[in-house]
Amino acid sequence: MNEELGFLVLNTGDVLKGKWLNKTTATEGEMVFNTAMTGYQEVMTDPSYAGQIVTMTYPLIGNYGFNELDSESIKPSLSGLIVSNPCHTPEHYQSTHSLLDMVKEHKIPTLYDIDTRALTRIIREHGEVYGKLTSDETDIPQHCSVDPEIVKKVSVTKISHFPSTKSLSGKQRAHVVVMDFGYKHSITHSLLDLGCDVSVVPFDTTVEQISELDPNGVVLSNGPGDPKALSHLATNIREISDKYPTLGICLGHQLVALAYGAKTKRLPYGHRGSNHPVRDLRTGKVLITSQNHGYVVDFDSVDNSSWDVSHINVNDRSVEGLVHKTKQVTTVQFHPEAHPGPIDTHDIFVNFFNEIVAKGEKQHA
């Protein structure tokens, strides 16, 4: 194992000392932390972490290894990884490679033996923090802002089709278009498992191009970056949601809100983990959710004449879900595919599926 000294240099002036897990490759990025105890493979492969250096707060990472099933994208997009203690002898019947194998294969700059508790405190105190992994402790980060082009860098560039293999007795098969702002593969897997054929399209696909695919519904996916950087898509998103039943997830939720005149704002240090409590205001039930976002919809900017706030975060009362009063448009800030995380909110997909199937059956009656 590499014992070469490395440094995390922050724009706050703080310098944390650690060791390189792989090659000494310098990298910069926005500093974030994830509190999940498991799911490090999903976190490392989630495109929503593009441009970010991810700190895992759980002290031991890699203990059950990595497998061929749980990656959320073809390759990781994160800028770097910070862990306290890496495990080099994973044990799990599905494990095919270790954390070290993973960071070597995908060339992920990684520091270990870092005081992740101290680092998390710094991020919580300062909020928007940028850092650089380097071998030179005097080397400060140069890029201290969110890349406005980050979604373009992680989105697909051409349309892909995925037919469902699930047999549906007595129900019409649905076709769903997923607009890729940095989508997780588990979103499409959830739709395929319900019996939907899925087409994944680039983030800037127009309503006319989507109409040519003749879908029953549209999902706006999760993704990285500041939603305001995509404000130029507002008219297109509004037209899509006017024409098709629409589900917005995470960044997709924020983009739908912006398209209908609401505002978004940055959280102090984001919600990233697999146990965030969310209250469903329609039932009063508290759901445990998987989340990964640094921005939220401004509660006071929501047009209450057209939208109902369906979910709020128990901890800070931020907006976690919206339902349009007259259109088939639903959005959630959390991840109903919950990968990693609990499956409390899987009904979001089930309800969306039932809505588009019912609408299709009515149209063909």
# chains A, B, ... in the order shown; residues from 1 in each chain; ligands from 1
call {"tool": "select_by_dssp", "arguments": {"residues": "range 11-254 of chain A", "states": "helix (DSSP H, G or I)", "output": "ChimeraX atom specification"}}
result
/A:40-45,47-49,99-105,116-126,150-154,185-194,207-213,227-243,251-254
call {"tool": "residues_around", "arguments": {"residues": "Arg317 in chain A", "least_positions_apart": "2", "cutoff": "12 Å", "atoms": "only C-alpha atoms", "output": "list in words"}}
result
Leu267, His276, Pro277, Val278, Arg279, Asp280, Leu281, Val296, Val297, Asp298, Phe299, Asp300, Val309, Ser310, His311, Ile312, Asn313, Val314, Asn315, Val319, Glu320 and Gly321 of chain A
call {"tool": "residues_around", "arguments": {"residues": "Val151 in chain A", "least_positions_apart": "5", "cutoff": "9 Å", "atoms": "only C-alpha atoms", "output": "JSON, numbers by chain"}}
result
{"A": [47, 48, 50, 180, 181, 182, 203, 223, 224, 225, 230]}
call {"tool": "closest_residue", "arguments": {"among": "A:His324, A:His293, A:Lys19, A:His92", "to": "Tyr260 in chain A", "atoms": "only C-alpha atoms"}}
result
A:His324
call {"tool": "residues_around", "arguments": {"residues": "Leu233 in chain A", "least_positions_apart": "2", "cutoff": "10 Å", "atoms": "only C-alpha atoms", "output": "list in words"}}
result
Phe203, Asp204, Thr205, Thr206, Lys228, Ala229, Leu230, Ser231, Thr235, Asn236, Ile237, Arg238, Leu255, Val256, Leu258 and Ala259 of chain A
call {"tool": "write_last_selection", "arguments": {"atoms": "C-alpha atoms", "output": "tab-separated table (two decimals), in the first residue's frame"}}
result
chain	number	residue	atom	x	y	z
A	203	PHE	CA	-30.40	16.62	-21.25
A	204	ASP	CA	-31.21	19.21	-23.94
A	205	THR	CA	-33.57	17.03	-26.01
A	206	THR	CA	-36.45	19.18	-27.24
A	228	LYS	CA	-29.78	27.87	-12.37
A	229	ALA	CA	-27.06	27.03	-14.90
A	230	LEU	CA	-29.77	25.20	-16.87
A	231	SER	CA	-32.36	27.97	-16.71
A	235	THR	CA	-39.37	26.73	-21.65
A	236	ASN	CA	-38.60	23.27	-23.03
A	237	ILE	CA	-39.17	21.61	-19.64
A	238	ARG	CA	-42.43	23.51	-19.21
A	255	LEU	CA	-35.57	22.25	-12.89
A	256	VAL	CA	-39.33	21.70	-13.01
A	258	LEU	CA	-37.62	26.76	-12.02
A	259	ALA	CA	-39.63	26.18	-15.21
call {"tool": "select_by_dssp", "arguments": {"residues": "range 42-265 of chain A", "states": "strand (DSSP E)", "output": "ChimeraX atom specification"}}
result
/A:52-56,60-61,80-82,85-86,110-112,130-134,160-162,174-180,196-202,217-220,246-249,264-265
call {"tool": "residues_around", "arguments": {"residues": "range 290-292 of chain A", "least_positions_apart": "3", "cutoff": "9 Å", "atoms": "only C-alpha atoms", "output": "PyMOL selection string"}}
result
chain A and resi 34+36+48-49+222+250+270-276+333-343
call {"tool": "write_last_selection", "arguments": {"atoms": "N, CA and C atoms", "output": "PDB file, in the first residue's frame"}}
result
ATOM      1  N   ASN A  34     -20.489  12.628   2.559  1.00  0.00           N
ATOM      2  CA  ASN A  34     -21.618  11.704   2.538  1.00  0.00           C
ATOM      3  C   ASN A  34     -21.599  10.888   3.813  1.00  0.00           C
ATOM      4  N   ALA A  36     -23.446   8.133   4.562  1.00  0.00           N
ATOM      5  CA  ALA A  36     -23.915   6.744   4.463  1.00  0.00           C
ATOM      6  C   ALA A  36     -22.863   5.770   5.005  1.00  0.00           C
ATOM      7  N   SER A  48     -23.955  12.559 -10.170  1.00  0.00           N
ATOM      8  CA  SER A  48     -24.265  13.792  -9.452  1.00  0.00           C
ATOM      9  C   SER A  48     -23.051  14.325  -8.688  1.00  0.00           C
ATOM     10  N   TYR A  49     -22.038  13.475  -8.477  1.00  0.00           N
ATOM     11  CA  TYR A  49     -20.834  13.904  -7.778  1.00  0.00           C
ATOM     12  C   TYR A  49     -19.760  14.435  -8.725  1.00  0.00           C
ATOM     13  N   ASN A 222     -31.788  13.038 -11.869  1.00  0.00           N
ATOM     14  CA  ASN A 222     -30.827  13.712 -11.004  1.00  0.00           C
ATOM     15  C   ASN A 222     -29.640  14.198 -11.838  1.00  0.00           C
ATOM     16  N   CYS A 250     -34.634  14.943  -7.850  1.00  0.00           N
ATOM     17  CA  CYS A 250     -33.451  15.678  -7.417  1.00  0.00           C
ATOM     18  C   CYS A 250     -33.223  16.919  -8.297  1.00  0.00           C
ATOM     19  N   GLY A 270     -25.432  20.957   2.066  1.00  0.00           N
ATOM     20  CA  GLY A 270     -26.038  19.873   1.312  1.00  0.00           C
ATOM     21  C   GLY A 270     -26.615  18.747   2.149  1.00  0.00           C
ATOM     22  N   HIS A 271     -27.400  17.921   1.487  1.00  0.00           N
ATOM     23  CA  HIS A 271     -27.944  16.689   2.067  1.00  0.00           C
ATOM     24  C   HIS A 271     -27.372  15.523   1.273  1.00  0.00           C
ATOM     25  N   ARG A 272     -26.490  14.754   1.884  1.00  0.00           N
ATOM     26  CA  ARG A 272     -25.878  13.618   1.184  1.00  0.00           C
ATOM     27  C   ARG A 272     -25.754  12.454   2.157  1.00  0.00           C
ATOM     28  N   GLY A 273     -26.573  11.433   1.934  1.00  0.00           N
ATOM     29  CA  GLY A 273     -26.585  10.272   2.807  1.00  0.00           C
ATOM     30  C   GLY A 273     -27.816   9.428   2.528  1.00  0.00           C
ATOM     31  N   SER A 274     -27.979   8.366   3.301  1.00  0.00           N
ATOM     32  CA  SER A 274     -29.076   7.424   3.021  1.00  0.00           C
ATOM     33  C   SER A 274     -30.084   7.319   4.162  1.00  0.00           C
ATOM     34  N   ASN A 275     -30.113   8.294   5.069  1.00  0.00           N
ATOM     35  CA  ASN A 275     -31.070   8.210   6.178  1.00  0.00           C
ATOM     36  C   ASN A 275     -31.672   9.567   6.525  1.00  0.00           C
ATOM     37  N   HIS A 276     -32.011  10.352   5.498  1.00  0.00           N
ATOM     38  CA  HIS A 276     -32.593  11.669   5.730  1.00  0.00           C
ATOM     39  C   HIS A 276     -34.110  11.545   5.923  1.00  0.00           C
ATOM     40  N   GLN A 333     -37.277  15.725  -4.192  1.00  0.00           N
ATOM     41  CA  GLN A 333     -35.881  16.098  -4.015  1.00  0.00           C
ATOM     42  C   GLN A 333     -35.016  14.896  -3.664  1.00  0.00           C
ATOM     43  N   PHE A 334     -35.624  13.889  -3.051  1.00  0.00           N
ATOM     44  CA  PHE A 334     -34.893  12.683  -2.651  1.00  0.00           C
ATOM     45  C   PHE A 334     -34.850  11.681  -3.808  1.00  0.00           C
ATOM     46  N   HIS A 335     -34.233  10.519  -3.554  1.00  0.00           N
ATOM     47  CA  HIS A 335     -34.076   9.503  -4.601  1.00  0.00           C
ATOM     48  C   HIS A 335     -34.983   8.310  -4.322  1.00  0.00           C
ATOM     49  N   PRO A 336     -36.103   8.194  -5.032  1.00  0.00           N
ATOM     50  CA  PRO A 336     -37.002   7.050  -4.794  1.00  0.00           C
ATOM     51  C   PRO A 336     -36.398   5.713  -5.195  1.00  0.00           C
ATOM     52  N   GLU A 337     -35.388   5.716  -6.069  1.00  0.00           N
ATOM     53  CA  GLU A 337     -34.728   4.454  -6.417  1.00  0.00           C
ATOM     54  C   GLU A 337     -33.856   3.963  -5.265  1.00  0.00           C
ATOM     55  N   ALA A 338     -33.506   4.872  -4.342  1.00  0.00           N
ATOM     56  CA  ALA A 338     -32.854   4.526  -3.065  1.00  0.00           C
ATOM     57  C   ALA A 338     -31.708   3.536  -3.242  1.00  0.00           C
ATOM     58  N   HIS A 339     -30.721   3.952  -3.975  1.00  0.00           N
ATOM     59  CA  HIS A 339     -29.611   3.046  -4.260  1.00  0.00           C
ATOM     60  C   HIS A 339     -28.310   3.797  -4.076  1.00  0.00           C
ATOM     61  N   PRO A 340     -27.736   3.829  -2.866  1.00  0.00           N
ATOM     62  CA  PRO A 340     -28.105   3.024  -1.702  1.00  0.00           C
ATOM     63  C   PRO A 340     -29.195   3.697  -0.867  1.00  0.00           C
ATOM     64  N   GLY A 341     -29.748   2.901   0.069  1.00  0.00           N
ATOM     65  CA  GLY A 341     -30.721   3.460   0.997  1.00  0.00           C
ATOM     66  C   GLY A 341     -31.960   2.614   1.128  1.00  0.00           C
ATOM     67  N   PRO A 342     -32.870   3.030   2.011  1.00  0.00           N
ATOM     68  CA  PRO A 342     -34.124   2.291   2.243  1.00  0.00           C
ATOM     69  C   PRO A 342     -35.101   2.491   1.094  1.00  0.00           C
ATOM     70  N   ILE A 343     -36.093   1.630   1.009  1.00  0.00           N
ATOM     71  CA  ILE A 343     -37.043   1.657  -0.109  1.00  0.00           C
ATOM     72  C   ILE A 343     -38.385   2.257   0.308  1.00  0.00           C
TER      73      ILE A 343
END
call {"tool": "residues_around", "arguments": {"residues": "Leu10 in chain A", "least_positions_apart": "4", "cutoff": "10 Å", "atoms": "only C-alpha atoms", "output": "ChimeraX atom specification"}}
result
/A:14-16,28-31,119,122-123,129-133,137,139-141,144
call {"tool": "write_last_selection", "arguments": {"atoms": "N, CA and C atoms", "output": "PDB file, in the first residue's frame"}}
result
ATOM      1  N   ASP A  14      -7.233  25.923   5.412  1.00  0.00           N
ATOM      2  CA  ASP A  14      -6.909  24.696   6.148  1.00  0.00           C
ATOM      3  C   ASP A  14      -6.140  23.726   5.258  1.00  0.00           C
ATOM      4  N   VAL A  15      -5.218  22.985   5.867  1.00  0.00           N
ATOM      5  CA  VAL A  15      -4.450  21.951   5.185  1.00  0.00           C
ATOM      6  C   VAL A  15      -4.528  20.680   6.029  1.00  0.00           C
ATOM      7  N   LEU A  16      -5.015  19.587   5.422  1.00  0.00           N
ATOM      8  CA  LEU A  16      -5.107  18.311   6.120  1.00  0.00           C
ATOM      9  C   LEU A  16      -4.132  17.332   5.488  1.00  0.00           C
ATOM     10  N   GLU A  28      -8.721  18.985  -8.275  1.00  0.00           N
ATOM     11  CA  GLU A  28      -9.465  20.012  -7.554  1.00  0.00           C
ATOM     12  C   GLU A  28     -10.951  19.710  -7.619  1.00  0.00           C
ATOM     13  N   GLY A  29     -11.713  20.285  -6.689  1.00  0.00           N
ATOM     14  CA  GLY A  29     -13.150  20.106  -6.725  1.00  0.00           C
ATOM     15  C   GLY A  29     -13.849  20.725  -5.532  1.00  0.00           C
ATOM     16  N   GLU A  30     -15.160  20.757  -5.615  1.00  0.00           N
ATOM     17  CA  GLU A  30     -15.986  21.202  -4.493  1.00  0.00           C
ATOM     18  C   GLU A  30     -15.967  20.124  -3.421  1.00  0.00           C
ATOM     19  N   MET A  31     -15.822  20.503  -2.168  1.00  0.00           N
ATOM     20  CA  MET A  31     -15.756  19.550  -1.067  1.00  0.00           C
ATOM     21  C   MET A  31     -17.154  19.239  -0.540  1.00  0.00           C
ATOM     22  N   LEU A 119     -12.503  17.391   8.825  1.00  0.00           N
ATOM     23  CA  LEU A 119     -12.853  17.905   7.514  1.00  0.00           C
ATOM     24  C   LEU A 119     -14.352  18.190   7.414  1.00  0.00           C
ATOM     25  N   ILE A 122     -15.224  21.387   9.092  1.00  0.00           N
ATOM     26  CA  ILE A 122     -14.844  22.550   8.286  1.00  0.00           C
ATOM     27  C   ILE A 122     -15.906  22.834   7.228  1.00  0.00           C
ATOM     28  N   ILE A 123     -16.373  21.777   6.545  1.00  0.00           N
ATOM     29  CA  ILE A 123     -17.389  21.957   5.502  1.00  0.00           C
ATOM     30  C   ILE A 123     -18.692  22.464   6.116  1.00  0.00           C
ATOM     31  N   VAL A 129     -17.087  24.992   0.167  1.00  0.00           N
ATOM     32  CA  VAL A 129     -15.641  24.822   0.336  1.00  0.00           C
ATOM     33  C   VAL A 129     -15.073  24.113  -0.895  1.00  0.00           C
ATOM     34  N   TYR A 130     -13.922  24.559  -1.349  1.00  0.00           N
ATOM     35  CA  TYR A 130     -13.242  23.936  -2.482  1.00  0.00           C
ATOM     36  C   TYR A 130     -11.852  23.484  -2.038  1.00  0.00           C
ATOM     37  N   GLY A 131     -11.387  22.393  -2.617  1.00  0.00           N
ATOM     38  CA  GLY A 131     -10.119  21.841  -2.185  1.00  0.00           C
ATOM     39  C   GLY A 131      -9.291  21.283  -3.319  1.00  0.00           C
ATOM     40  N   LYS A 132      -8.052  20.947  -2.979  1.00  0.00           N
ATOM     41  CA  LYS A 132      -7.142  20.344  -3.949  1.00  0.00           C
ATOM     42  C   LYS A 132      -6.378  19.218  -3.278  1.00  0.00           C
ATOM     43  N   LEU A 133      -6.373  18.054  -3.913  1.00  0.00           N
ATOM     44  CA  LEU A 133      -5.529  16.942  -3.483  1.00  0.00           C
ATOM     45  C   LEU A 133      -4.184  17.121  -4.181  1.00  0.00           C
ATOM     46  N   GLU A 137       1.878  20.991  -0.091  1.00  0.00           N
ATOM     47  CA  GLU A 137       0.949  21.622   0.843  1.00  0.00           C
ATOM     48  C   GLU A 137       0.804  23.123   0.630  1.00  0.00           C
ATOM     49  N   ASP A 139       0.217  24.296  -2.424  1.00  0.00           N
ATOM     50  CA  ASP A 139      -0.491  24.356  -3.704  1.00  0.00           C
ATOM     51  C   ASP A 139      -1.985  24.563  -3.443  1.00  0.00           C
ATOM     52  N   ILE A 140      -2.498  25.754  -3.658  1.00  0.00           N
ATOM     53  CA  ILE A 140      -3.884  26.066  -3.308  1.00  0.00           C
ATOM     54  C   ILE A 140      -4.820  25.833  -4.496  1.00  0.00           C
ATOM     55  N   PRO A 141      -6.113  25.559  -4.236  1.00  0.00           N
ATOM     56  CA  PRO A 141      -7.064  25.364  -5.339  1.00  0.00           C
ATOM     57  C   PRO A 141      -7.275  26.645  -6.125  1.00  0.00           C
ATOM     58  N   CYS A 144     -12.686  27.824  -7.747  1.00  0.00           N
ATOM     59  CA  CYS A 144     -13.531  27.820  -6.550  1.00  0.00           C
ATOM     60  C   CYS A 144     -14.963  28.207  -6.888  1.00  0.00           C
TER      61      CYS A 144
END
call {"tool": "closest_residue", "arguments": {"among": "A:Asn63, A:Thr25, A:Gln172, A:Thr116", "to": "Val103 in chain A", "atoms": "only C-alpha atoms"}}
result
A:Thr25
call {"tool": "closest_residue", "arguments": {"among": "A:Asp101, A:Asp197, A:Glu42, A:Asp347", "to": "Ala174 in chain A", "atoms": "only C-alpha atoms"}}
result
A:Asp197
call {"tool": "closest_residue", "arguments": {"among": "A:Ala358, A:Leu60, A:Val332, A:Val323", "to": "Thr89 in chain A", "atoms": "only C-alpha atoms"}}
result
A:Leu60
call {"tool": "residues_around", "arguments": {"residues": "Ser98 in chain A", "least_positions_apart": "5", "cutoff": "10 Å", "atoms": "only C-alpha atoms", "output": "ChimeraX atom specification"}}
result
/A:61-67,86-91,103-104
call {"tool": "atom_distance", "arguments": {"atom1": "CA of Gly217 in chain A", "atom2": "CA of Ser318 in chain A"}}
result
27.0 Å
call {"tool": "closest_residue", "arguments": {"among": "A:Ala234, A:Leu191, A:Leu287, A:Gly252", "to": "Phe353 in chain A", "atoms": "only C-alpha atoms"}}
result
A:Leu191
call {"tool": "atom_distance", "arguments": {"atom1": "CA of Ile356 in chain A", "atom2": "CA of His232 in chain A"}}
result
27.6 Å
call {"tool": "atom_distance", "arguments": {"atom1": "CA of Trp20 in chain A", "atom2": "CA of Asp46 in chain A"}}
result
22.4 Å
call {"tool": "decode", "arguments": {"residues": "range 112-176 of chain A", "atoms": "C-alpha atoms", "output": "mmCIF file, in the first residue's frame"}}
result
data_model
loop_
_atom_site.group_PDB
_atom_site.id
_atom_site.type_symbol
_atom_site.label_atom_id
_atom_site.label_comp_id
_atom_site.auth_asym_id
_atom_site.auth_seq_id
_atom_site.Cartn_x
_atom_site.Cartn_y
_atom_site.Cartn_z
ATOM 1 C CA TYR A 112 -6.700 8.115 3.122
ATOM 2 C CA ASP A 113 -5.636 8.473 6.747
ATOM 3 C CA ILE A 114 -7.306 11.890 6.683
ATOM 4 C CA ASP A 115 -9.144 13.220 9.746
ATOM 5 C CA THR A 116 -12.586 13.068 8.127
ATOM 6 C CA ARG A 117 -14.305 14.305 11.300
ATOM 7 C CA ALA A 118 -12.268 17.508 11.247
ATOM 8 C CA LEU A 119 -12.853 17.905 7.514
ATOM 9 C CA THR A 120 -16.609 17.474 7.906
ATOM 10 C CA ARG A 121 -16.645 20.128 10.619
ATOM 11 C CA ILE A 122 -14.844 22.550 8.286
ATOM 12 C CA ILE A 123 -17.389 21.957 5.502
ATOM 13 C CA ARG A 124 -20.295 22.354 7.930
ATOM 14 C CA GLU A 125 -18.825 25.580 9.289
ATOM 15 C CA HIS A 126 -17.941 27.245 5.985
ATOM 16 C CA GLY A 127 -20.561 25.719 3.664
ATOM 17 C CA GLU A 128 -19.186 26.185 0.150
ATOM 18 C CA VAL A 129 -15.641 24.822 0.336
ATOM 19 C CA TYR A 130 -13.242 23.936 -2.482
ATOM 20 C CA GLY A 131 -10.119 21.841 -2.185
ATOM 21 C CA LYS A 132 -7.142 20.344 -3.949
ATOM 22 C CA LEU A 133 -5.529 16.942 -3.483
ATOM 23 C CA THR A 134 -1.806 17.489 -3.960
ATOM 24 C CA SER A 135 1.680 16.476 -2.848
ATOM 25 C CA ASP A 136 2.561 20.110 -2.250
ATOM 26 C CA GLU A 137 0.949 21.622 0.843
ATOM 27 C CA THR A 138 1.478 25.140 -0.532
ATOM 28 C CA ASP A 139 -0.491 24.356 -3.704
ATOM 29 C CA ILE A 140 -3.884 26.066 -3.308
ATOM 30 C CA PRO A 141 -7.064 25.364 -5.339
ATOM 31 C CA GLN A 142 -7.528 27.658 -8.329
ATOM 32 C CA HIS A 143 -11.126 26.884 -9.352
ATOM 33 C CA CYS A 144 -13.531 27.820 -6.550
ATOM 34 C CA SER A 145 -16.913 27.731 -8.237
ATOM 35 C CA VAL A 146 -19.355 25.188 -9.645
ATOM 36 C CA ASP A 147 -18.772 24.403 -13.321
ATOM 37 C CA PRO A 148 -21.840 25.684 -15.250
ATOM 38 C CA GLU A 149 -21.172 23.107 -17.996
ATOM 39 C CA ILE A 150 -20.982 20.086 -15.668
ATOM 40 C CA VAL A 151 -24.281 18.499 -16.797
ATOM 41 C CA LYS A 152 -23.182 18.587 -20.431
ATOM 42 C CA LYS A 153 -20.068 16.627 -19.435
ATOM 43 C CA VAL A 154 -21.987 13.726 -17.822
ATOM 44 C CA SER A 155 -25.107 13.499 -19.994
ATOM 45 C CA VAL A 156 -25.408 10.991 -22.837
ATOM 46 C CA THR A 157 -24.932 12.391 -26.314
ATOM 47 C CA LYS A 158 -27.297 10.053 -28.156
ATOM 48 C CA ILE A 159 -30.567 8.275 -27.472
ATOM 49 C CA SER A 160 -30.478 4.742 -26.029
ATOM 50 C CA HIS A 161 -33.426 2.349 -25.802
ATOM 51 C CA PHE A 162 -33.924 -0.285 -23.085
ATOM 52 C CA PRO A 163 -36.868 -2.679 -23.477
ATOM 53 C CA SER A 164 -38.343 -4.171 -20.326
ATOM 54 C CA THR A 165 -38.282 -7.947 -20.006
ATOM 55 C CA LYS A 166 -41.001 -8.015 -17.365
ATOM 56 C CA SER A 167 -44.203 -9.816 -18.295
ATOM 57 C CA LEU A 168 -47.333 -7.738 -17.653
ATOM 58 C CA SER A 169 -50.623 -9.603 -17.391
ATOM 59 C CA GLY A 170 -53.606 -7.438 -18.270
ATOM 60 C CA LYS A 171 -51.712 -4.162 -18.254
ATOM 61 C CA GLN A 172 -50.571 -1.983 -21.113
ATOM 62 C CA ARG A 173 -46.802 -1.667 -21.430
ATOM 63 C CA ALA A 174 -45.609 1.898 -20.894
ATOM 64 C CA HIS A 175 -42.782 3.787 -22.575
ATOM 65 C CA VAL A 176 -40.882 6.321 -20.461
#
